file upload04.cif (mmCIF, C-alpha atoms)
data_model
#
loop_
_atom_site.label_atom_id
_atom_site.label_comp_id
_atom_site.auth_asym_id
_atom_site.auth_seq_id
_atom_site.Cartn_x
_atom_site.Cartn_y
_atom_site.Cartn_z
CA MET A 565 425.77 160.93 7.59
CA GLY A 566 424.91 164.37 9.02
CA GLY A 567 422.29 162.83 11.32
CA ILE A 568 424.79 160.32 12.70
CA LEU A 569 427.31 163.10 13.29
CA LEU A 570 424.75 165.21 15.18
CA GLN A 571 423.71 162.17 17.20
CA ASN A 572 427.33 161.46 18.16
CA ILE A 573 427.88 165.11 19.10
CA GLY A 574 424.70 165.04 21.18
CA ARG A 575 425.80 161.90 23.03
CA PHE A 576 429.23 163.40 23.70
CA ILE A 577 427.71 166.64 25.03
CA VAL A 578 425.21 164.82 27.27
CA LYS A 579 427.92 162.48 28.58
CA ASN A 580 430.10 165.49 29.41
CA MET A 581 427.23 167.83 30.26
CA VAL A 582 428.62 168.69 33.66
CA TRP A 583 431.73 170.26 32.05
CA LEU A 584 429.58 172.22 29.63
CA VAL A 585 427.51 173.57 32.55
CA VAL A 586 430.67 174.42 34.51
CA LEU A 587 432.17 176.17 31.50
CA VAL A 588 429.08 178.30 30.80
CA GLY A 589 428.65 178.99 34.52
CA ALA A 590 432.26 180.16 34.76
CA ALA A 591 431.71 182.41 31.75
CA GLY A 592 428.69 183.90 33.52
CA ALA A 593 430.79 184.60 36.62
CA VAL A 594 433.73 186.14 34.76
CA PHE A 595 431.76 187.97 32.05
CA PRO A 596 428.33 188.56 33.62
CA ALA A 597 427.25 191.17 31.05
CA ALA A 598 427.60 188.57 28.30
CA LEU A 599 424.72 186.47 29.70
CA SER A 600 422.69 188.59 32.15
CA TRP A 601 420.75 190.21 29.29
CA ILE A 602 419.10 186.83 28.60
CA ALA A 603 417.47 186.82 32.08
CA PRO A 604 414.00 187.93 30.84
CA GLN A 605 413.97 184.87 28.56
CA VAL A 606 414.59 182.33 31.35
CA PRO A 607 410.93 181.16 31.46
CA LEU A 608 411.07 180.61 27.70
CA LEU A 609 414.31 178.63 27.99
CA LEU A 610 412.78 176.40 30.66
CA GLY A 611 409.66 175.98 28.56
CA LEU A 612 411.77 174.77 25.63
CA VAL A 613 413.59 172.28 27.89
CA MET A 614 410.27 170.94 29.19
CA PHE A 615 408.82 170.77 25.66
CA GLY A 616 411.82 168.66 24.71
CA MET A 617 411.16 166.41 27.71
CA GLY A 618 407.53 166.05 26.61
CA MET A 619 408.65 164.94 23.15
CA THR A 620 410.41 161.96 24.73
CA ILE A 621 407.24 160.82 26.55
CA GLU A 622 405.13 158.09 24.93
CA LEU A 623 401.71 156.66 25.73
CA LYS A 624 403.38 153.65 27.37
CA ASP A 625 404.79 155.98 30.04
CA PHE A 626 401.29 157.11 30.99
CA ARG A 627 400.16 153.47 30.94
CA HIS A 628 402.93 152.67 33.41
CA LEU A 629 401.43 155.31 35.72
CA ALA A 630 398.10 153.51 35.56
CA ARG A 631 399.41 149.96 35.77
CA HIS A 632 401.97 150.54 38.53
CA PRO A 633 400.40 153.23 40.73
CA TRP A 634 402.03 151.90 43.90
CA GLU A 635 405.61 152.12 42.58
CA VAL A 636 405.10 155.55 41.01
CA GLY A 637 403.19 156.71 44.09
CA VAL A 638 406.06 155.68 46.37
CA GLY A 639 408.49 157.61 44.19
CA ALA A 640 406.31 160.73 44.04
CA PHE A 641 405.69 160.61 47.80
CA ALA A 642 409.43 160.28 48.46
CA GLN A 643 410.18 163.11 46.02
CA PHE A 644 407.82 165.57 47.66
CA THR A 645 408.59 164.68 51.28
CA ILE A 646 412.28 163.76 51.54
CA MET A 647 413.74 166.61 49.49
CA PRO A 648 411.57 169.45 50.90
CA LEU A 649 412.13 168.32 54.50
CA ILE A 650 415.89 167.98 54.01
CA ALA A 651 415.91 171.42 52.41
CA TYR A 652 414.11 172.97 55.38
CA LEU A 653 416.40 171.25 57.90
CA LEU A 654 419.49 172.45 56.05
CA THR A 655 418.28 176.05 56.06
CA GLN A 656 417.90 175.82 59.83
CA VAL A 657 421.11 173.93 60.62
CA LEU A 658 423.26 176.11 58.33
CA ALA A 659 421.39 179.29 59.32
CA LEU A 660 421.04 180.35 55.71
CA PRO A 661 419.95 183.94 55.01
CA PRO A 662 416.37 184.25 53.66
CA ASP A 663 417.26 184.62 49.98
CA LEU A 664 419.44 181.49 50.02
CA ALA A 665 417.00 179.60 52.23
CA ILE A 666 414.13 180.12 49.79
CA GLY A 667 416.43 178.98 46.97
CA VAL A 668 417.27 175.71 48.74
CA ILE A 669 413.61 175.12 49.60
CA LEU A 670 412.57 175.77 46.00
CA VAL A 671 415.02 173.12 44.80
CA GLY A 672 413.59 170.67 47.33
CA ALA A 673 410.00 171.41 46.38
CA CYS A 674 410.53 170.87 42.65
CA PRO A 675 409.82 167.63 40.73
CA GLY A 676 412.43 165.24 39.42
CA GLY A 677 414.78 166.42 36.68
CA THR A 678 415.08 165.01 33.18
CA ALA A 679 418.75 164.12 33.75
CA SER A 680 417.58 161.45 36.22
CA ASN A 681 416.33 159.31 33.33
CA VAL A 682 419.78 159.24 31.73
CA VAL A 683 421.51 158.53 35.04
CA THR A 684 419.01 155.74 35.81
CA TYR A 685 419.88 154.13 32.48
CA LEU A 686 423.62 154.38 33.23
CA ALA A 687 423.04 152.93 36.71
CA LYS A 688 421.09 149.98 35.26
CA GLY A 689 417.94 151.07 37.02
CA ASP A 690 414.33 150.81 35.84
CA VAL A 691 414.19 153.47 33.10
CA THR A 692 410.45 153.05 32.49
CA LEU A 693 409.75 153.68 36.17
CA SER A 694 412.14 156.64 36.11
CA VAL A 695 410.31 158.30 33.20
CA ALA A 696 406.94 157.56 34.83
CA MET A 697 408.10 159.12 38.12
CA THR A 698 409.48 162.21 36.39
CA THR A 699 406.22 162.54 34.45
CA ALA A 700 404.07 162.10 37.55
CA THR A 701 405.95 164.60 39.72
CA THR A 702 406.06 167.10 36.84
CA LEU A 703 402.28 166.85 36.40
CA LEU A 704 401.83 167.36 40.16
CA ALA A 705 404.30 170.24 40.38
CA PRO A 706 401.90 173.15 39.65
CA PHE A 707 399.91 172.18 42.74
CA VAL A 708 402.52 170.68 45.08
CA THR A 709 405.54 172.96 44.57
CA PRO A 710 403.79 176.26 45.48
CA PHE A 711 402.11 174.59 48.48
CA LEU A 712 405.39 173.19 49.82
CA THR A 713 407.21 176.48 49.24
CA LEU A 714 404.50 178.39 51.11
CA LEU A 715 404.44 175.81 53.92
CA LEU A 716 408.20 175.73 54.47
CA ALA A 717 409.22 179.31 53.66
CA GLY A 718 406.05 181.35 54.13
CA GLU A 719 407.08 182.60 57.57
CA GLU A 720 410.45 183.88 56.34
CA ILE A 721 409.52 185.46 53.02
CA THR A 722 406.39 186.33 51.06
CA VAL A 723 405.36 183.48 48.76
CA HIS A 724 402.78 184.17 46.03
CA ALA A 725 401.52 180.60 45.72
CA PRO A 726 398.63 181.18 43.23
CA SER A 727 400.86 183.14 40.84
CA MET A 728 403.59 180.53 41.20
CA MET A 729 401.08 177.80 40.39
CA LEU A 730 400.13 179.56 37.16
CA SER A 731 403.79 180.10 36.22
CA ILE A 732 404.62 176.42 36.72
CA ALA A 733 401.64 175.44 34.60
CA GLU A 734 402.81 177.76 31.82
CA MET A 735 406.55 176.98 32.00
CA VAL A 736 406.42 173.27 32.84
CA LEU A 737 403.07 171.51 32.58
CA LEU A 738 401.82 172.99 29.30
CA PRO A 739 405.11 172.49 27.39
CA VAL A 740 405.39 168.88 28.60
CA LEU A 741 401.83 168.07 27.53
CA LEU A 742 402.33 169.82 24.19
CA GLY A 743 405.57 167.91 23.62
CA ALA A 744 403.87 164.60 24.44
CA ALA A 745 401.00 165.46 22.05
CA VAL A 746 403.43 166.33 19.25
CA ASN A 747 405.26 163.04 19.85
CA HIS A 748 402.00 161.11 19.67
CA PHE A 749 400.49 162.72 16.57
CA PHE A 750 403.65 163.45 14.59
CA ARG A 751 405.83 160.52 15.67
CA ARG A 752 407.51 160.07 12.29
CA HIS A 753 408.70 163.68 12.19
CA VAL A 754 409.63 163.71 15.89
CA GLU A 755 412.01 160.77 15.40
CA ARG A 756 414.19 163.00 13.25
CA VAL A 757 414.26 165.74 15.90
CA LEU A 758 415.04 163.31 18.73
CA ILE A 759 418.53 162.91 17.25
CA VAL A 760 419.47 166.49 18.18
CA LEU A 761 417.15 166.88 21.19
CA PRO A 762 419.74 165.85 23.84
CA LEU A 763 422.20 168.38 22.41
CA ILE A 764 419.62 171.21 22.43
CA SER A 765 418.44 170.38 25.97
CA ALA A 766 422.01 170.28 27.30
CA LEU A 767 422.81 173.65 25.73
CA LEU A 768 419.63 175.24 27.12
CA VAL A 769 420.25 173.92 30.66
CA ALA A 770 423.84 175.19 30.55
CA LEU A 771 422.59 178.58 29.37
CA LEU A 772 420.09 178.71 32.24
CA VAL A 773 422.88 178.10 34.74
CA GLY A 774 425.11 180.70 33.08
CA VAL A 775 422.38 183.35 33.25
CA VAL A 776 421.73 182.68 36.95
CA VAL A 777 425.44 182.84 37.80
CA SER A 778 425.90 186.04 35.79
CA MET A 779 423.16 187.79 37.75
CA SER A 780 424.68 186.83 41.11
CA ALA A 781 428.37 187.06 40.23
CA PRO A 782 429.22 189.75 42.84
CA ARG A 783 427.96 187.57 45.72
CA LEU A 784 429.36 184.24 44.60
CA THR A 785 432.68 184.55 46.45
CA GLU A 786 430.81 185.48 49.61
CA ILE A 787 428.11 182.80 49.65
CA GLY A 788 429.46 180.19 47.23
CA PRO A 789 431.04 177.78 49.77
CA LEU A 790 428.00 177.83 52.07
CA VAL A 791 425.57 177.18 49.21
CA ALA A 792 427.83 174.45 47.82
CA LEU A 793 427.77 172.69 51.20
CA ALA A 794 423.96 172.90 51.33
CA VAL A 795 423.64 171.58 47.78
CA ILE A 796 426.00 168.62 48.33
CA LEU A 797 424.25 167.61 51.57
CA HIS A 798 420.80 168.06 50.04
CA ASN A 799 421.56 165.95 47.01
CA GLY A 800 423.47 163.27 48.92
CA CYS A 801 420.74 162.82 51.52
CA GLY A 802 418.13 162.62 48.76
CA LEU A 803 419.99 159.89 46.90
CA ALA A 804 420.63 157.86 50.06
CA LEU A 805 417.20 158.23 51.70
CA GLY A 806 415.33 157.60 48.45
CA TYR A 807 417.26 154.36 47.99
CA ALA A 808 416.79 153.40 51.64
CA LEU A 809 413.03 153.96 51.53
CA ALA A 810 412.64 151.83 48.40
CA ALA A 811 414.74 149.09 50.03
CA ARG A 812 412.66 149.28 53.20
CA LEU A 813 409.51 148.76 51.12
CA GLY A 814 410.98 145.65 49.49
CA MET A 815 411.45 147.04 45.99
CA SER A 816 413.93 145.34 43.64
CA VAL A 817 417.51 146.55 43.35
CA SER A 818 416.90 148.25 39.99
CA LYS A 819 413.85 150.06 41.39
CA ARG A 820 415.76 151.11 44.53
CA ARG A 821 418.37 152.74 42.32
CA THR A 822 415.65 154.43 40.31
CA VAL A 823 413.86 155.87 43.34
CA GLY A 824 417.14 157.05 44.88
CA ILE A 825 418.23 158.79 41.68
CA GLU A 826 414.78 160.30 41.05
CA VAL A 827 414.56 161.68 44.58
CA GLY A 828 418.10 163.06 44.60
CA MET A 829 418.05 164.72 41.18
CA GLN A 830 415.74 167.73 40.96
CA ASN A 831 414.41 169.96 38.18
CA SER A 832 416.86 172.70 39.13
CA GLY A 833 416.05 174.70 35.99
CA MET A 834 412.51 175.11 37.25
CA ALA A 835 413.76 176.15 40.69
CA ALA A 836 416.09 178.75 39.15
CA SER A 837 413.31 180.16 36.97
CA LEU A 838 410.91 180.48 39.89
CA ALA A 839 413.59 182.10 42.02
CA LEU A 840 414.27 184.73 39.37
CA LEU A 841 410.57 185.36 38.76
CA TYR A 842 409.41 185.63 42.36
CA PHE A 843 412.40 186.24 44.62
CA SER A 844 415.94 187.35 43.72
CA PRO A 845 418.99 186.37 41.65
CA ALA A 846 420.69 185.15 44.84
CA ALA A 847 417.75 182.80 45.47
CA ALA A 848 418.53 181.13 42.14
CA ILE A 849 422.15 180.31 43.07
CA PRO A 850 421.33 177.04 44.93
CA ALA A 851 419.48 175.81 41.85
CA ALA A 852 422.39 176.73 39.57
CA LEU A 853 424.91 174.91 41.76
CA PHE A 854 422.53 171.97 42.16
CA SER A 855 422.32 171.69 38.37
CA VAL A 856 426.08 171.24 38.23
CA TRP A 857 426.48 169.02 41.28
CA HIS A 858 423.63 166.54 40.72
CA ASN A 859 425.08 165.65 37.32
CA ILE A 860 428.44 164.95 38.97
CA SER A 861 426.97 162.96 41.87
CA GLY A 862 424.55 161.13 39.57
CA SER A 863 427.41 160.03 37.32
CA LEU A 864 429.44 158.92 40.35
CA ALA A 865 426.47 156.97 41.72
CA ALA A 866 425.89 155.28 38.35
CA ASN A 867 429.57 154.31 38.13
CA TRP A 868 429.47 152.93 41.67
CA PHE A 869 426.37 150.86 40.94
CA THR A 870 427.80 149.40 37.72
CA ARG A 871 431.15 148.61 39.38
CA ARG A 872 429.25 146.91 42.18
CA ASP A 873 427.38 144.81 39.59
CA ALA A 874 430.66 143.90 37.89
CA ASP A 875 432.23 142.89 41.20
CA GLY A 876 429.15 140.85 42.06
CA ASN A 877 429.22 139.07 38.70
CA ALA A 878 432.94 138.39 39.09
CA LEU A 879 432.34 136.98 42.57
CA SER A 880 429.47 134.80 41.33
CA ALA A 881 431.61 133.50 38.47
CA ASP A 882 434.47 132.73 40.89
CA ILE A 883 432.14 130.82 43.19
CA SER A 884 430.62 128.84 40.31
CA LEU A 885 434.11 127.81 39.12
CA ARG A 886 434.83 126.34 42.52
#

call {"tool": "encode", "arguments": {"input": "upload04.cif", "output": "structure tokens"}}
result
Amino acid sequence: MGGILLQNIGRFIVKNMVWLVVLVGAAGAVFPAALSWIAPQVPLLLGLVMFGMGMTIELKDFRHLARHPWEVGVGAFAQFTIMPLIAYLLTQVLALPPDLAIGVILVGACPGGTASNVVTYLAKGDVTLSVAMTTATTLLAPFVTPFLTLLLAGEEITVHAPSMMLSIAEMVLLPVLLGAAVNHFFRRHVERVLIVLPLISALLVALLVGVVVSMSAPRLTEIGPLVALAVILHNGCGLALGYALAARLGMSVSKRRTVGIEVGMQNSGMAASLALLYFSPAAAIPAALFSVWHNISGSLAANWFTRRDADGNALSADISLR
């Protein structure tokens, strides 16, 4: 009975995660001292989130990487080209100051986020491909993310790529691999934990956002609208161009949705952690706002896709009746 209750609470929290993130973020803005003291633990929080992601990965997900390299490769290529390039263009068009520019570029250079798997499921996309893409880009992140950040922002601000590579390996890659190993060797015990895992992950992500906001509270009124515009454009272009590329390559409708969602939804927690470690609290603001917005836009996209399916089925039924 207790397990079912926790599972229902977890589902409710994940379904309404955006409001949880907004609530904790608002608390960080209004009462910054209540959360800013957690800042030194941000890498640990991200590591726990990624460990939880690893615990949801099974051997079949790695097999999908091997059996469908073209599909996963297309997704990974789109992830690490579309989002970084859009990020760079936005920093130029909007004339963002260096600390905000590096924050937007960091978001663009990061791998796909774990929330994309849930949104793909809601949008009736290819969940197996989604998990495989998230896994692939996460495994590539220690090498690709520092390189892209250095390439796109190195002229504006000092980027310590080797140190960043090590940090990503410690905060992201190692926890994911450990989580996957635990899932493989202790599957029976992990199944019990999976009930509460969505709830724990949602709370940790919300806490990450709250900490970032609390550290930049004084500047939020000044830069908030500009960063919000950059985040909305960044995410929207990623969703649309990812879908368009998959369509151009002749992928099925479900796979187009998957690629679009994977490209548009980033691991913003990783971006925020890197910003705090290597740059400034202000550089983490784009990641914090992205964490809120991509859950909203992802939910809207999923609703639009499912309504479109319903309308299509209704139309097909109407035609068949005639």

call {"tool": "residues_around", "arguments": {"input": "upload04.cif", "residues": "stretch 762-775 of chain A", "least_positions_apart": "6", "cutoff": "6 Å", "atoms": "only C-alpha atoms", "output": "list of chain:residue names"}}
result
A:Gly574, A:Val585, A:Val588, A:Gly589, A:Gly592, A:Leu599, A:Ser600, A:Val613, A:Ala852

call {"tool": "write_last_selection", "arguments": {"input": "upload04.cif", "atoms": "C-alpha atoms", "output": "PDB file, in the coordinates of the input"}}
result
ATOM      1  CA  GLY A 574     424.700 165.040  21.180  1.00  0.00           C
ATOM      2  CA  VAL A 585     427.510 173.570  32.550  1.00  0.00           C
ATOM      3  CA  VAL A 588     429.080 178.300  30.800  1.00  0.00           C
ATOM      4  CA  GLY A 589     428.650 178.990  34.520  1.00  0.00           C
ATOM      5  CA  GLY A 592     428.690 183.900  33.520  1.00  0.00           C
ATOM      6  CA  LEU A 599     424.720 186.470  29.700  1.00  0.00           C
ATOM      7  CA  SER A 600     422.690 188.590  32.150  1.00  0.00           C
ATOM      8  CA  VAL A 613     413.590 172.280  27.890  1.00  0.00           C
ATOM      9  CA  ALA A 852     422.390 176.730  39.570  1.00  0.00           C
TER      10      ALA A 852
END

call {"tool": "residues_around", "arguments": {"input": "upload04.cif", "residues": "stretch 668-670 of chain A", "least_positions_apart": "5", "cutoff": "8 Å", "atoms": "only C-alpha atoms", "output": "list in words"}}
result
Pro648, Ala651, Tyr652, Thr655, Thr709, Thr713, Leu716, Ala717, Ala794, Val795, Ala835, Leu838, Ala839, Ala847, Pro850 and Ala851 of chain A

call {"tool": "resolve_selection", "arguments": {"input": "upload04.cif", "expression": "the PyMOL selection byres ((chain A and resi 783) around 12)", "output": "list in words"}}
result
Ala593, Asp663, Leu664, Val776, Val777, Ser778, Met779, Ser780, Ala781, Pro782, Leu784, Thr785, Glu786, Ile787, Gly788, Pro789, Leu790, Val791, Pro845, Ala846, Ala847, Ala848 and Ile849 of chain A

call {"tool": "residues_around", "arguments": {"input": "upload04.cif", "residues": "A:Gly611", "least_positions_apart": "3", "cutoff": "7 Å", "atoms": "only C-alpha atoms", "output": "PyMOL selection string"}}
result
chain A and resi 607-608+614-615+735-736+739

call {"tool": "axis_aligned_box", "arguments": {"input": "upload04.cif", "around": "stretch 837-854 of chain A", "padding_each_side": "6 Å", "output": "AutoDock Vina command-line options"}}
result
--center_x 417.2 --center_y 179.7 --center_z 41.2 --size_x 27.5 --size_y 27.4 --size_z 20.5
